[in-house]
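S.K.: Please see the structure below; I have some questions.
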Amino acid sequence: MAPTVMISHATIDEHVGTAWNNLLQAVFPRFTFRYSSDPNNAAFSGYGAFAGQIQEWIKESDYCLTIQTPNSAIRPWLIWEAGMARALGKAIFVVVYRIDPGHLQNPLDSEPHYDGNRKSEVRKIIRGISRDSTVMYDEEDFEKAFPKYERVLKANQHLFDHAEVQYQKRMFLELTHEDRRQLQTDDIIPDGAVVHDEWGSLMIFGYDSAVQKVTWEELIAKLCKDDRNRPWPGSALRWTECLGKSLGKALKRQLAADAPEALPLYYWTPGDDRVGIAYRPSIAAQSQRAGKTTFTITFTQLPPELTARPSGCLGTLFHYLDFARMMRWGILKSARFNDLFYGNLTGDQLREKQAEFLDSLLNIRIEFQNRGLQQDQFLEAFPKWRRQELRDMLKAYYALVGQLEPKRSPGSETIRSLYPELVSINDRFLTAFHERIAELFVEELVNSRFLNCQPADKFVPV
């Protein structure tokens, strides 16, 4: 009885299956061949019928030739078919395309691999089948059939191409069961949590692209070491605090699936003369498997035209105006905190609103610190005669927000007592920024008209 060869392949690779069928038939004309893309085989009616038929084919076959491409290397059906063939003692030939031999990253890495694009490797399979089956073949038949096989591969080689460019920075934070409990309790990411890199994303934390994973403790140590090189010292470390709080909320189910938590900006300084990048991070996913919880955190770079500001002092002041705006209408004049400021809450409602206010204040501060500005840079945008006044305002502001650091656990009475002072200092900053921006903007308009050689009588009064 003539031997039978089963050609195992994914549907997307049917052209390769057909090419192998034609090649083997030309070399071993008396053999029987089975492959699911064979037009002579009736279509399968469902997974159950498919599994049953494939099982019968494997039982009847003497050899299993499994085709592994970038399209199919992770397909469970192919692994199932090869595993069944091996369990039944059938000879297996693993043919790979555009995959380095031994790097399938599936159980078939335990079998010998043959590069299907190399004539010498294809010939090894032919000779292996011939030797095992004791069926001789004519080398001329192989030489005549191989060019047709090769033409099929060349015509479809684009299907083997496997390339991926990851434009979005992304990291995975993996927590053990104990890590999860600790984070859920104190909103601080445990030192032993593991940060996994994807496509070199750890570079935004100062790591070489070759680094694949680090512990949270190692990452914090790295940020501390590089802190002196940041425009605003402490900005990255404060961002990690905010991340811990957000992940803690996620674990407490305070974050709904349809409302993913956005995070304050994270600023990356490449470490050379290039301008740094402010990324918009967010918690994209939370998964639990095998007793571990994994968070996916993404970092998206915004289009520059959406964040464009003037250069120089005017641009600096627009950043600070944003900060004053967020403070005023984001928290100080936001209706969601009225009951807190005016003492209308008690018990759990008071504690929840109090925590929300402190977190919101921290978010705004961290957001601003990660815009790539030098600390207190706005002072240079004002005339020297005004700078002492502004330094005094800054000192008063820092004294206020220092009392509202979450780690100091300020109570509602402290928040209410400081509220009028916060509103007052915010009013003064808004006024100062608006006045100076108006002055600098007029100067820019006048200068731009001179640069454009506009006649003086064409100036529009401002």
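For the structure tokens, the naming scheme is as follows: chains receive sequential letters (A, B, ...) according to their order of presentation, residues are indexed from 1 within each chain, and ligands are indexed from 1 in presentation order.
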Find the residues near Arg436 in chain A: any atom within 12 Å, counting only C-alpha atoms, skip ones fewer than 4 places away on the same chain, and give them as number ranges by chain.
M.R.: A: 313-318, 320-321, 378-383, 386, 429-432, 440-443
S.K.: I want to know what sits within 7 Å of range 90-95 of chain A, based on only C-alpha atoms, with residues of the same chain fewer than 5 positions away left out; could you give that as a ChimeraX atom specification?
M.R.: /A:62-68,85,112-116
S.K.: Would you mind listing, for every residue of range 17-86 of chain A within 9 Å of range 145-162 of chain A, the two atoms forming the shortest contact and the distance between them in Å to one decimal, using only C-alpha atoms, sorted by chain and ascending residue number, as CSV?
M.R.:
residue,atom,partner,partner_atom,distance
A:Thr18,CA,A:Tyr149,CA,9.0
A:Ala19,CA,A:Tyr149,CA,5.2
A:Trp20,CA,A:Tyr149,CA,7.1
A:Asn22,CA,A:Tyr149,CA,7.7
A:Leu23,CA,A:Ala145,CA,5.6
A:Leu24,CA,A:Ala145,CA,8.6
A:Ala26,CA,A:Ala145,CA,6.4
A:Val27,CA,A:Ala145,CA,7.7
A:Thr69,CA,A:Phe160,CA,6.5
A:Pro70,CA,A:Phe160,CA,6.2
A:Asn71,CA,A:Phe160,CA,7.1
S.K.: Just N, CA and C atoms for this one: save the residues we selected as an mmCIF file, in the first residue's frame.
M.R.:
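Contents of out.cif, freshly written:
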data_model
loop_
_atom_site.group_PDB
_atom_site.id
_atom_site.type_symbol
_atom_site.label_atom_id
_atom_site.label_comp_id
_atom_site.auth_asym_id
_atom_site.auth_seq_id
_atom_site.Cartn_x
_atom_site.Cartn_y
_atom_site.Cartn_z
ATOM 1 N N THR A 18 -0.841 23.822 -1.517
ATOM 2 C CA THR A 18 -1.021 23.329 -2.891
ATOM 3 C C THR A 18 0.328 23.137 -3.571
ATOM 4 N N ALA A 19 1.264 24.060 -3.336
ATOM 5 C CA ALA A 19 2.594 23.930 -3.946
ATOM 6 C C ALA A 19 3.296 22.668 -3.456
ATOM 7 N N TRP A 20 3.171 22.363 -2.173
ATOM 8 C CA TRP A 20 3.778 21.139 -1.639
ATOM 9 C C TRP A 20 3.070 19.906 -2.195
ATOM 10 N N ASN A 22 1.635 19.581 -5.094
ATOM 11 C CA ASN A 22 2.060 19.381 -6.484
ATOM 12 C C ASN A 22 3.494 18.869 -6.566
ATOM 13 N N LEU A 23 4.362 19.391 -5.693
ATOM 14 C CA LEU A 23 5.760 18.958 -5.690
ATOM 15 C C LEU A 23 5.872 17.492 -5.293
ATOM 16 N N LEU A 24 5.199 17.125 -4.217
ATOM 17 C CA LEU A 24 5.293 15.745 -3.736
ATOM 18 C C LEU A 24 4.656 14.757 -4.708
ATOM 19 N N ALA A 26 4.595 15.099 -7.896
ATOM 20 C CA ALA A 26 5.509 14.940 -9.029
ATOM 21 C C ALA A 26 6.655 14.003 -8.687
ATOM 22 N N VAL A 27 7.083 14.018 -7.411
ATOM 23 C CA VAL A 27 8.224 13.207 -6.989
ATOM 24 C C VAL A 27 7.789 11.800 -6.572
ATOM 25 N N THR A 69 4.221 29.440 9.096
ATOM 26 C CA THR A 69 4.544 30.768 8.581
ATOM 27 C C THR A 69 4.215 31.805 9.650
ATOM 28 N N PRO A 70 4.612 33.069 9.460
ATOM 29 C CA PRO A 70 4.223 34.099 10.421
ATOM 30 C C PRO A 70 2.706 34.213 10.586
ATOM 31 N N ASN A 71 1.960 33.716 9.576
ATOM 32 C CA ASN A 71 0.500 33.758 9.661
ATOM 33 C C ASN A 71 -0.074 32.664 10.552
#
S.K.: To one decimal in Å, tell me the separation between CA of Leu173 in chain A and CA of Leu302 in chain A.
M.R.: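 Interatomic distance here is 23.1 Å.
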S.K.: Please identify all polymer residues within 7 Å of Gly248 in chain A, counting only C-alpha atoms, omitting same-chain residues fewer than 2 positions from it, and present them as a compact mmCIF listing (two decimals) with C-alpha atoms, in the first residue's frame.
M.R.:
# COMPACT_ATOMS: atom_id res chain seq x y z
CA LEU A 183 -1.84 48.47 46.08
CA GLN A 184 -5.55 48.21 46.79
CA ASP A 187 -2.50 53.21 46.56
CA GLY A 244 -0.37 54.35 41.99
CA LYS A 245 -3.48 56.26 43.06
CA SER A 246 -5.20 55.66 39.72
CA ALA A 250 -9.13 50.72 39.34
CA LEU A 251 -8.69 47.84 41.77
CA LYS A 252 -11.39 49.26 44.01
S.K.: Please give the complete set of residues from range 36-184 of chain A that DSSP, run on the backbone, assigns to helix (DSSP H, G or I), formatted as JSON, numbers by chain.
M.R.: {"A": [47, 48, 49, 50, 51, 52, 53, 54, 55, 56, 57, 58, 59, 60, 76, 77, 78, 79, 80, 81, 82, 83, 84, 85, 86, 87, 107, 108, 109, 110, 119, 120, 121, 122, 123, 124, 125, 126, 127, 128, 129, 130, 131, 132, 133, 139, 140, 141, 142, 143, 144, 145, 146, 147, 148, 149, 150, 151, 152, 153, 154, 155, 157, 158, 159, 177, 178, 179, 180, 181, 182, 183, 184]}
S.K.: Could you give me, as a ChimeraX atom specification, each residue of range 166-412 of chain A that DSSP assigns to strand (DSSP E or B) when run on this structure's backbone?
M.R.: /A:169-175,194-198,213-215,262,266-268,277-289,292-301
S.K.: With only C-alpha atoms as the counted atoms, please give the residues lying no more than 9 Å from Glu60 in chain A, apart from itself and same-chain residues fewer than 6 positions off, as a VMD selection string.
M.R.: chain A and resid 4 to 6
S.K.: Per residue of range 359-451 of chain A within 8 Å of range 272-293 of chain A, note the shortest atom pair and the distance in Å to one decimal, counting only C-alpha atoms, and order the rows by chain and increasing residue number, as CSV.
M.R.:
residue,atom,partner,partner_atom,distance
A:Asn370,CA,A:Ala278,CA,6.7
A:Arg371,CA,A:Ala278,CA,6.0
A:Gly372,CA,A:Gly276,CA,6.8
S.K.: Quick one: residues within 12 Å of Gly402 in chain A, only C-alpha atoms counted, chain neighbours fewer than 6 positions away excluded, as a list in words?
M.R.: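 Surrounding residues, per the criterion: Leu358, Leu361, Leu362, Arg365, Leu394, Lys395, Ala396, Arg408, Ser409, Pro410, Thr414, Ile415, Leu418 and Leu422 of chain A.
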S.K.: Could you take the residues named above and write them with N, CA and C atoms, as a PDB file, in the first residue's frame?
M.R.:
ATOM      1  N   LEU A 358      -8.313  66.315  46.742  1.00  0.00           N
ATOM      2  CA  LEU A 358      -6.859  66.225  46.886  1.00  0.00           C
ATOM      3  C   LEU A 358      -6.222  65.554  45.672  1.00  0.00           C
ATOM      4  N   LEU A 361      -6.299  68.070  42.748  1.00  0.00           N
ATOM      5  CA  LEU A 361      -5.259  69.087  42.915  1.00  0.00           C
ATOM      6  C   LEU A 361      -3.894  68.512  42.541  1.00  0.00           C
ATOM      7  N   LEU A 362      -3.630  67.280  42.974  1.00  0.00           N
ATOM      8  CA  LEU A 362      -2.358  66.634  42.643  1.00  0.00           C
ATOM      9  C   LEU A 362      -2.248  66.405  41.137  1.00  0.00           C
ATOM     10  N   ARG A 365      -1.259  69.629  39.355  1.00  0.00           N
ATOM     11  CA  ARG A 365       0.132  69.996  39.615  1.00  0.00           C
ATOM     12  C   ARG A 365       1.102  69.109  38.831  1.00  0.00           C
ATOM     13  N   LEU A 394       4.539  83.220  44.647  1.00  0.00           N
ATOM     14  CA  LEU A 394       4.915  81.805  44.544  1.00  0.00           C
ATOM     15  C   LEU A 394       5.126  81.197  45.920  1.00  0.00           C
ATOM     16  N   LYS A 395       5.804  81.929  46.772  1.00  0.00           N
ATOM     17  CA  LYS A 395       6.063  81.439  48.120  1.00  0.00           C
ATOM     18  C   LYS A 395       4.756  81.173  48.852  1.00  0.00           C
ATOM     19  N   ALA A 396       3.797  82.082  48.712  1.00  0.00           N
ATOM     20  CA  ALA A 396       2.488  81.906  49.345  1.00  0.00           C
ATOM     21  C   ALA A 396       1.757  80.692  48.753  1.00  0.00           C
ATOM     22  N   ARG A 408       0.005  64.190  53.704  1.00  0.00           N
ATOM     23  CA  ARG A 408      -0.214  64.851  54.990  1.00  0.00           C
ATOM     24  C   ARG A 408      -1.635  64.644  55.499  1.00  0.00           C
ATOM     25  N   SER A 409      -2.476  64.031  54.664  1.00  0.00           N
ATOM     26  CA  SER A 409      -3.869  63.713  55.029  1.00  0.00           C
ATOM     27  C   SER A 409      -4.604  64.909  55.635  1.00  0.00           C
ATOM     28  N   PRO A 410      -4.651  66.032  54.914  1.00  0.00           N
ATOM     29  CA  PRO A 410      -5.368  67.191  55.452  1.00  0.00           C
ATOM     30  C   PRO A 410      -6.865  66.906  55.572  1.00  0.00           C
ATOM     31  N   THR A 414      -9.186  71.847  57.254  1.00  0.00           N
ATOM     32  CA  THR A 414      -8.004  72.477  56.661  1.00  0.00           C
ATOM     33  C   THR A 414      -8.304  72.935  55.241  1.00  0.00           C
ATOM     34  N   ILE A 415      -8.973  72.078  54.492  1.00  0.00           N
ATOM     35  CA  ILE A 415      -9.306  72.426  53.105  1.00  0.00           C
ATOM     36  C   ILE A 415     -10.192  73.660  53.065  1.00  0.00           C
ATOM     37  N   LEU A 418      -8.298  76.892  53.955  1.00  0.00           N
ATOM     38  CA  LEU A 418      -7.343  77.347  52.945  1.00  0.00           C
ATOM     39  C   LEU A 418      -8.013  77.770  51.645  1.00  0.00           C
ATOM     40  N   LEU A 422      -6.566  80.097  48.531  1.00  0.00           N
ATOM     41  CA  LEU A 422      -6.278  79.499  47.224  1.00  0.00           C
ATOM     42  C   LEU A 422      -6.960  80.281  46.108  1.00  0.00           C
TER      43      LEU A 422
END
S.K.: Could you state the separation of CA of Trp239 in chain A and CA of Ile366 in chain A in Å, given to one decimal place?
M.R.: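 That distance, rounded to one decimal, is 6.1 Å.
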